[in-house]
Amino acid sequence: MKTILLSFFIAITSILVPSVAAAVPAVVKADILNVREKPSTEARRAGRLPMGTIIDMGEVTDEWCPMTWDHYNPKTGDYEPAAGFVKAEFVVPMTEEGFPGEWIGRKLYLYNNKEDIDGLVLIQRRADGDVSLWFRTVDRELQRAGGTGTLEVREVICDEVNGRYMPRFPEVADSRFFYSPEAGLAVFGGHAWTFDAPEEEN
């Protein structure tokens, strides 16, 4: 009986939870993106994601793609895995992993920093010869109030692999580097980044 119930649970779960077996990182480009429980605008809404949210998206079928994301639960204060479907036209898939050597010396800026959070990534060659991704995120409101505002500072060493630079410890999920050449967006360190410098404040 237990075997039958377990089989039934697995079957039901496979229907309700979208498969993202071949998932790639992607960035939400809509101002607000509705996540649906099924691939239909008539389906119940499973969540709403702001621009710049990082998701894992699966294969696109009939303009929809299954996806997962880290959903913030205000009751527990933790991020929990969630799943659903979104219209593929509103997300940017990251099609390349690692970065070419000509990017050494470039800067990346936090994408969609509407919440007064700013950030910078430096792709640099260090004095010891290693190439690294150094990044910092800052809360501008805290900074204006007199504090440092620094939320995170980290450096990730990269190695050259088949002509591309890859983080040395790829098993650390948020240390991996993906980008979209067409969109000029990258995913790294749990954030989305752009090559376009933010406009200066007046």
# chains A, B, ... in the order shown; residues from 1 in each chain; ligands from 1
call {"tool": "residues_around", "arguments": {"residues": "stretch 31-45 of chain A", "least_positions_apart": "2", "cutoff": "12 Å", "atoms": "only C-alpha atoms", "output": "PyMOL selection string"}}
result
chain A and resi 15-19+27-29+47-55+57+60-69+71+82-91+112+114
call {"tool": "residues_around", "arguments": {"residues": "A:Trp193", "least_positions_apart": "3", "cutoff": "12 Å", "atoms": "only C-alpha atoms", "output": "PDB file with C-alpha atoms, in the first residue's frame"}}
result
ATOM      1  CA  ALA A  26      17.872  33.866 -17.030  1.00  0.00           C
ATOM      2  CA  VAL A  27      17.027  37.435 -16.012  1.00  0.00           C
ATOM      3  CA  VAL A  28      13.554  38.965 -15.861  1.00  0.00           C
ATOM      4  CA  MET A  51      12.874  43.252 -13.255  1.00  0.00           C
ATOM      5  CA  GLY A  52      16.347  41.866 -12.627  1.00  0.00           C
ATOM      6  CA  THR A  53      15.206  38.740 -10.774  1.00  0.00           C
ATOM      7  CA  ILE A  54      17.340  35.708 -11.589  1.00  0.00           C
ATOM      8  CA  MET A  94      22.173  33.438 -20.346  1.00  0.00           C
ATOM      9  CA  LYS A 107      33.487  46.753 -15.297  1.00  0.00           C
ATOM     10  CA  LEU A 108      29.959  45.496 -14.784  1.00  0.00           C
ATOM     11  CA  TYR A 109      27.215  47.412 -12.996  1.00  0.00           C
ATOM     12  CA  LEU A 110      24.225  46.166 -11.028  1.00  0.00           C
ATOM     13  CA  TYR A 111      21.204  45.747 -13.285  1.00  0.00           C
ATOM     14  CA  ASN A 112      17.908  47.356 -12.251  1.00  0.00           C
ATOM     15  CA  ASN A 113      19.178  49.119  -9.135  1.00  0.00           C
ATOM     16  CA  ASP A 118      24.204  49.677  -6.188  1.00  0.00           C
ATOM     17  CA  GLY A 119      26.942  47.303  -7.243  1.00  0.00           C
ATOM     18  CA  LEU A 120      30.134  46.956  -9.262  1.00  0.00           C
ATOM     19  CA  VAL A 121      32.136  44.027 -10.647  1.00  0.00           C
ATOM     20  CA  LEU A 122      35.784  44.473 -11.663  1.00  0.00           C
ATOM     21  CA  PHE A 135      32.486  42.685  -6.659  1.00  0.00           C
ATOM     22  CA  ARG A 136      30.838  44.928  -4.125  1.00  0.00           C
ATOM     23  CA  THR A 137      27.212  45.784  -3.412  1.00  0.00           C
ATOM     24  CA  PHE A 177      29.489  33.428 -14.409  1.00  0.00           C
ATOM     25  CA  PHE A 178      26.957  33.409 -17.257  1.00  0.00           C
ATOM     26  CA  TYR A 179      26.152  36.097 -19.782  1.00  0.00           C
ATOM     27  CA  SER A 180      24.039  36.960 -22.822  1.00  0.00           C
ATOM     28  CA  ALA A 183      21.451  41.543 -24.231  1.00  0.00           C
ATOM     29  CA  GLY A 184      24.721  42.612 -22.606  1.00  0.00           C
ATOM     30  CA  LEU A 185      23.622  41.063 -19.310  1.00  0.00           C
ATOM     31  CA  ALA A 186      25.465  38.729 -16.959  1.00  0.00           C
ATOM     32  CA  VAL A 187      24.591  36.634 -13.917  1.00  0.00           C
ATOM     33  CA  PHE A 188      27.170  36.341 -11.154  1.00  0.00           C
ATOM     34  CA  GLY A 189      27.287  36.355  -7.361  1.00  0.00           C
ATOM     35  CA  GLY A 190      23.525  36.068  -7.033  1.00  0.00           C
ATOM     36  CA  ASP A 196      26.129  49.968 -19.220  1.00  0.00           C
ATOM     37  CA  ALA A 197      27.267  52.435 -16.560  1.00  0.00           C
ATOM     38  CA  PRO A 198      24.373  53.926 -14.561  1.00  0.00           C
TER      39      PRO A 198
END
call {"tool": "select_by_dssp", "arguments": {"residues": "stretch 47-171 of chain A", "states": "strand (DSSP E)", "output": "PyMOL selection string"}}
result
chain A and resi 47-50+54-57+64-73+78-87+91-93+96-97+99-100+107-110+117-125+131-139+150-161+164-167
call {"tool": "atom_distance", "arguments": {"atom1": "atom CA of A:Ile104", "atom2": "atom CA of A:Val131"}}
result
7.7 Å
call {"tool": "atom_distance", "arguments": {"atom1": "atom CA of A:Ala127", "atom2": "atom CA of A:Val156"}}
result
14.8 Å
call {"tool": "select_by_dssp", "arguments": {"residues": "stretch 81-197 of chain A", "states": "helix (DSSP H, G or I)", "output": "PyMOL selection string"}}
result
chain A and resi 88-90+101-103+140-144+173-175
call {"tool": "write_last_selection", "arguments": {"atoms": "all heavy atoms", "output": "compact mmCIF listing (two decimals), in the first residue's frame"}}
result
# COMPACT_ATOMS: atom_id res chain seq x y z
N ALA A 88 8.17 33.37 -22.29
CA ALA A 88 9.60 33.42 -22.59
C ALA A 88 10.05 34.79 -23.10
O ALA A 88 11.22 35.16 -22.93
CB ALA A 88 9.95 32.35 -23.62
N GLU A 89 9.15 35.56 -23.69
CA GLU A 89 9.53 36.86 -24.24
C GLU A 89 9.94 37.87 -23.16
O GLU A 89 10.55 38.89 -23.45
CB GLU A 89 8.38 37.44 -25.05
CG GLU A 89 7.14 37.77 -24.24
CD GLU A 89 5.99 38.27 -25.11
OE1 GLU A 89 6.11 39.40 -25.64
OE2 GLU A 89 5.00 37.53 -25.24
N PHE A 90 9.61 37.57 -21.90
CA PHE A 90 9.89 38.52 -20.83
C PHE A 90 11.12 38.16 -20.00
O PHE A 90 11.36 38.76 -18.95
CB PHE A 90 8.67 38.62 -19.91
CG PHE A 90 7.45 39.15 -20.62
CD1 PHE A 90 6.29 38.39 -20.68
CD2 PHE A 90 7.47 40.39 -21.23
CE1 PHE A 90 5.16 38.85 -21.34
CE2 PHE A 90 6.34 40.88 -21.89
CZ PHE A 90 5.20 40.11 -21.95
N GLY A 101 39.09 36.55 -22.63
CA GLY A 101 40.21 37.29 -22.07
C GLY A 101 40.15 38.78 -22.34
O GLY A 101 40.65 39.58 -21.55
N GLU A 102 39.50 39.19 -23.45
CA GLU A 102 39.44 40.62 -23.76
C GLU A 102 38.57 41.41 -22.78
O GLU A 102 38.54 42.63 -22.81
CB GLU A 102 38.95 40.86 -25.20
CG GLU A 102 37.63 40.23 -25.55
CD GLU A 102 37.80 38.91 -26.28
OE1 GLU A 102 38.81 38.21 -26.02
OE2 GLU A 102 36.93 38.58 -27.10
N TRP A 103 37.86 40.69 -21.92
CA TRP A 103 37.05 41.38 -20.91
C TRP A 103 37.86 41.80 -19.69
O TRP A 103 37.37 42.54 -18.85
CB TRP A 103 35.90 40.48 -20.46
CG TRP A 103 34.77 40.40 -21.43
CD1 TRP A 103 34.80 40.78 -22.74
CD2 TRP A 103 33.46 39.90 -21.18
NE1 TRP A 103 33.58 40.54 -23.33
CE2 TRP A 103 32.75 40.00 -22.39
CE3 TRP A 103 32.84 39.37 -20.05
CZ2 TRP A 103 31.43 39.59 -22.51
CZ3 TRP A 103 31.54 38.96 -20.15
CH2 TRP A 103 30.83 39.08 -21.38
N ARG A 140 22.79 52.45 -0.87
CA ARG A 140 23.03 53.89 -0.96
C ARG A 140 22.33 54.66 0.16
O ARG A 140 22.82 55.69 0.61
CB ARG A 140 22.59 54.41 -2.33
CG ARG A 140 23.41 53.89 -3.49
CD ARG A 140 24.87 54.26 -3.34
NE ARG A 140 25.66 53.83 -4.48
CZ ARG A 140 26.99 53.82 -4.51
NH1 ARG A 140 27.66 54.15 -3.42
NH2 ARG A 140 27.64 53.43 -5.57
N GLU A 141 21.17 54.18 0.59
CA GLU A 141 20.45 54.87 1.66
C GLU A 141 21.25 54.84 2.96
O GLU A 141 21.39 55.85 3.66
CB GLU A 141 19.08 54.24 1.87
CG GLU A 141 18.21 54.97 2.89
CD GLU A 141 16.81 54.40 3.01
OE1 GLU A 141 16.51 53.44 2.29
OE2 GLU A 141 16.05 54.93 3.83
N LEU A 142 21.79 53.67 3.29
CA LEU A 142 22.63 53.56 4.48
C LEU A 142 23.90 54.40 4.35
O LEU A 142 24.37 55.00 5.31
CB LEU A 142 23.00 52.10 4.73
CG LEU A 142 21.88 51.16 5.19
CD1 LEU A 142 22.41 49.74 5.30
CD2 LEU A 142 21.30 51.62 6.52
N GLN A 143 24.43 54.44 3.14
CA GLN A 143 25.64 55.21 2.90
C GLN A 143 25.39 56.70 3.10
O GLN A 143 26.20 57.40 3.72
CB GLN A 143 26.15 54.94 1.47
CG GLN A 143 27.57 55.41 1.22
CD GLN A 143 28.03 55.02 -0.17
OE1 GLN A 143 27.40 55.37 -1.17
NE2 GLN A 143 29.13 54.29 -0.24
N ARG A 144 24.25 57.18 2.62
CA ARG A 144 23.91 58.60 2.79
C ARG A 144 23.66 58.93 4.26
O ARG A 144 23.82 60.07 4.69
CB ARG A 144 22.68 58.95 1.95
CG ARG A 144 22.96 59.04 0.45
CD ARG A 144 21.81 59.69 -0.28
NE ARG A 144 20.62 58.86 -0.25
CZ ARG A 144 20.29 57.97 -1.17
NH1 ARG A 144 21.10 57.80 -2.23
NH2 ARG A 144 19.20 57.26 -1.09
N ALA A 173 27.46 27.65 -6.42
CA ALA A 173 26.47 28.07 -7.41
C ALA A 173 26.54 29.55 -7.76
O ALA A 173 26.56 29.93 -8.93
CB ALA A 173 25.07 27.71 -6.94
N ASP A 174 26.62 30.44 -6.74
CA ASP A 174 26.56 31.86 -7.05
C ASP A 174 27.92 32.43 -7.46
O ASP A 174 28.06 33.63 -7.65
CB ASP A 174 25.96 32.67 -5.90
CG ASP A 174 26.89 32.78 -4.69
OD1 ASP A 174 27.88 32.03 -4.65
OD2 ASP A 174 26.62 33.61 -3.82
N SER A 175 28.93 31.56 -7.60
CA SER A 175 30.23 32.00 -8.11
C SER A 175 30.36 31.77 -9.61
O SER A 175 31.32 32.24 -10.23
CB SER A 175 31.37 31.29 -7.38
OG SER A 175 31.46 31.73 -6.05
call {"tool": "atom_distance", "arguments": {"atom1": "atom CA of A:Leu151", "atom2": "atom CA of A:Asp139"}}
result
6.6 Å
call {"tool": "decode", "arguments": {"residues": "stretch 37-48 of chain A", "atoms": "all heavy atoms", "output": "PDB file, in the first residue's frame"}}
result
ATOM      1  N   GLU A  37       0.833  29.008 -12.601  1.00  0.00           N
ATOM      2  CA  GLU A  37       0.945  27.608 -12.195  1.00  0.00           C
ATOM      3  C   GLU A  37       0.944  26.680 -13.401  1.00  0.00           C
ATOM      4  O   GLU A  37       1.489  25.572 -13.348  1.00  0.00           O
ATOM      5  CB  GLU A  37      -0.198  27.241 -11.255  1.00  0.00           C
ATOM      6  CG  GLU A  37      -0.091  27.925  -9.894  1.00  0.00           C
ATOM      7  CD  GLU A  37      -1.161  27.464  -8.924  1.00  0.00           C
ATOM      8  OE1 GLU A  37      -2.105  26.767  -9.368  1.00  0.00           O
ATOM      9  OE2 GLU A  37      -1.064  27.788  -7.725  1.00  0.00           O
ATOM     10  N   LYS A  38       0.339  27.132 -14.504  1.00  0.00           N
ATOM     11  CA  LYS A  38       0.319  26.380 -15.757  1.00  0.00           C
ATOM     12  C   LYS A  38       0.662  27.348 -16.887  1.00  0.00           C
ATOM     13  O   LYS A  38       0.546  28.567 -16.716  1.00  0.00           O
ATOM     14  CB  LYS A  38      -1.061  25.757 -15.988  1.00  0.00           C
ATOM     15  CG  LYS A  38      -1.461  24.728 -14.933  1.00  0.00           C
ATOM     16  CD  LYS A  38      -2.850  24.176 -15.221  1.00  0.00           C
ATOM     17  CE  LYS A  38      -3.274  23.168 -14.167  1.00  0.00           C
ATOM     18  NZ  LYS A  38      -4.625  22.621 -14.419  1.00  0.00           N
ATOM     19  N   PRO A  39       1.072  26.841 -18.057  1.00  0.00           N
ATOM     20  CA  PRO A  39       1.456  27.726 -19.165  1.00  0.00           C
ATOM     21  C   PRO A  39       0.240  28.356 -19.858  1.00  0.00           C
ATOM     22  O   PRO A  39      -0.085  28.039 -21.006  1.00  0.00           O
ATOM     23  CB  PRO A  39       2.227  26.790 -20.103  1.00  0.00           C
ATOM     24  CG  PRO A  39       1.676  25.436 -19.832  1.00  0.00           C
ATOM     25  CD  PRO A  39       1.350  25.421 -18.358  1.00  0.00           C
ATOM     26  N   SER A  40      -0.408  29.261 -19.161  1.00  0.00           N
ATOM     27  CA  SER A  40      -1.585  29.947 -19.691  1.00  0.00           C
ATOM     28  C   SER A  40      -1.823  31.228 -18.899  1.00  0.00           C
ATOM     29  O   SER A  40      -1.650  31.247 -17.675  1.00  0.00           O
ATOM     30  CB  SER A  40      -2.823  29.050 -19.601  1.00  0.00           C
ATOM     31  OG  SER A  40      -4.003  29.791 -19.861  1.00  0.00           O
ATOM     32  N   THR A  41      -2.240  32.287 -19.594  1.00  0.00           N
ATOM     33  CA  THR A  41      -2.559  33.538 -18.897  1.00  0.00           C
ATOM     34  C   THR A  41      -3.820  33.392 -18.058  1.00  0.00           C
ATOM     35  O   THR A  41      -4.102  34.237 -17.206  1.00  0.00           O
ATOM     36  CB  THR A  41      -2.747  34.685 -19.898  1.00  0.00           C
ATOM     37  OG1 THR A  41      -3.740  34.305 -20.875  1.00  0.00           O
ATOM     38  CG2 THR A  41      -1.440  34.999 -20.616  1.00  0.00           C
ATOM     39  N   GLU A  42      -4.586  32.323 -18.294  1.00  0.00           N
ATOM     40  CA  GLU A  42      -5.794  32.070 -17.516  1.00  0.00           C
ATOM     41  C   GLU A  42      -5.505  31.280 -16.239  1.00  0.00           C
ATOM     42  O   GLU A  42      -6.364  31.160 -15.371  1.00  0.00           O
ATOM     43  CB  GLU A  42      -6.814  31.291 -18.370  1.00  0.00           C
ATOM     44  CG  GLU A  42      -7.202  31.987 -19.679  1.00  0.00           C
ATOM     45  CD  GLU A  42      -7.813  33.347 -19.429  1.00  0.00           C
ATOM     46  OE1 GLU A  42      -8.627  33.484 -18.499  1.00  0.00           O
ATOM     47  OE2 GLU A  42      -7.480  34.294 -20.178  1.00  0.00           O
ATOM     48  N   ALA A  43      -4.293  30.739 -16.144  1.00  0.00           N
ATOM     49  CA  ALA A  43      -3.938  29.921 -14.982  1.00  0.00           C
ATOM     50  C   ALA A  43      -3.737  30.799 -13.747  1.00  0.00           C
ATOM     51  O   ALA A  43      -3.479  32.003 -13.839  1.00  0.00           O
ATOM     52  CB  ALA A  43      -2.675  29.122 -15.263  1.00  0.00           C
ATOM     53  N   ARG A  44      -3.841  30.171 -12.600  1.00  0.00           N
ATOM     54  CA  ARG A  44      -3.658  30.879 -11.340  1.00  0.00           C
ATOM     55  C   ARG A  44      -2.242  31.423 -11.230  1.00  0.00           C
ATOM     56  O   ARG A  44      -1.281  30.773 -11.638  1.00  0.00           O
ATOM     57  CB  ARG A  44      -3.938  29.926 -10.179  1.00  0.00           C
ATOM     58  CG  ARG A  44      -3.845  30.556  -8.797  1.00  0.00           C
ATOM     59  CD  ARG A  44      -4.185  29.542  -7.723  1.00  0.00           C
ATOM     60  NE  ARG A  44      -4.020  30.099  -6.389  1.00  0.00           N
ATOM     61  CZ  ARG A  44      -4.218  29.420  -5.269  1.00  0.00           C
ATOM     62  NH1 ARG A  44      -4.595  28.142  -5.331  1.00  0.00           N
ATOM     63  NH2 ARG A  44      -4.047  29.991  -4.097  1.00  0.00           N
ATOM     64  N   ARG A  45      -2.115  32.628 -10.681  1.00  0.00           N
ATOM     65  CA  ARG A  45      -0.801  33.243 -10.531  1.00  0.00           C
ATOM     66  C   ARG A  45      -0.055  32.629  -9.352  1.00  0.00           C
ATOM     67  O   ARG A  45      -0.594  32.520  -8.257  1.00  0.00           O
ATOM     68  CB  ARG A  45      -0.954  34.748 -10.329  1.00  0.00           C
ATOM     69  CG  ARG A  45       0.358  35.513 -10.456  1.00  0.00           C
ATOM     70  CD  ARG A  45       0.112  37.003 -10.549  1.00  0.00           C
ATOM     71  NE  ARG A  45      -0.493  37.515  -9.321  1.00  0.00           N
ATOM     72  CZ  ARG A  45      -1.065  38.698  -9.222  1.00  0.00           C
ATOM     73  NH1 ARG A  45      -1.158  39.472 -10.290  1.00  0.00           N
ATOM     74  NH2 ARG A  45      -1.571  39.114  -8.074  1.00  0.00           N
ATOM     75  N   ALA A  46       1.202  32.258  -9.604  1.00  0.00           N
ATOM     76  CA  ALA A  46       2.028  31.639  -8.563  1.00  0.00           C
ATOM     77  C   ALA A  46       3.006  32.622  -7.944  1.00  0.00           C
ATOM     78  O   ALA A  46       3.646  32.322  -6.936  1.00  0.00           O
ATOM     79  CB  ALA A  46       2.792  30.448  -9.150  1.00  0.00           C
ATOM     80  N   GLY A  47       3.144  33.795  -8.549  1.00  0.00           N
ATOM     81  CA  GLY A  47       4.070  34.782  -8.019  1.00  0.00           C
ATOM     82  C   GLY A  47       4.221  35.950  -8.976  1.00  0.00           C
ATOM     83  O   GLY A  47       3.739  35.920 -10.106  1.00  0.00           O
ATOM     84  N   ARG A  48       4.883  37.002  -8.500  1.00  0.00           N
ATOM     85  CA  ARG A  48       5.181  38.176  -9.309  1.00  0.00           C
ATOM     86  C   ARG A  48       6.643  38.539  -9.077  1.00  0.00           C
ATOM     87  O   ARG A  48       7.073  38.681  -7.935  1.00  0.00           O
ATOM     88  CB  ARG A  48       4.276  39.359  -8.952  1.00  0.00           C
ATOM     89  CG  ARG A  48       2.804  39.065  -9.089  1.00  0.00           C
ATOM     90  CD  ARG A  48       1.966  40.298  -8.743  1.00  0.00           C
ATOM     91  NE  ARG A  48       1.958  41.247  -9.841  1.00  0.00           N
ATOM     92  CZ  ARG A  48       1.928  42.574  -9.698  1.00  0.00           C
ATOM     93  NH1 ARG A  48       1.969  43.094  -8.476  1.00  0.00           N
ATOM     94  NH2 ARG A  48       1.890  43.368 -10.739  1.00  0.00           N
TER      95      ARG A  48
END
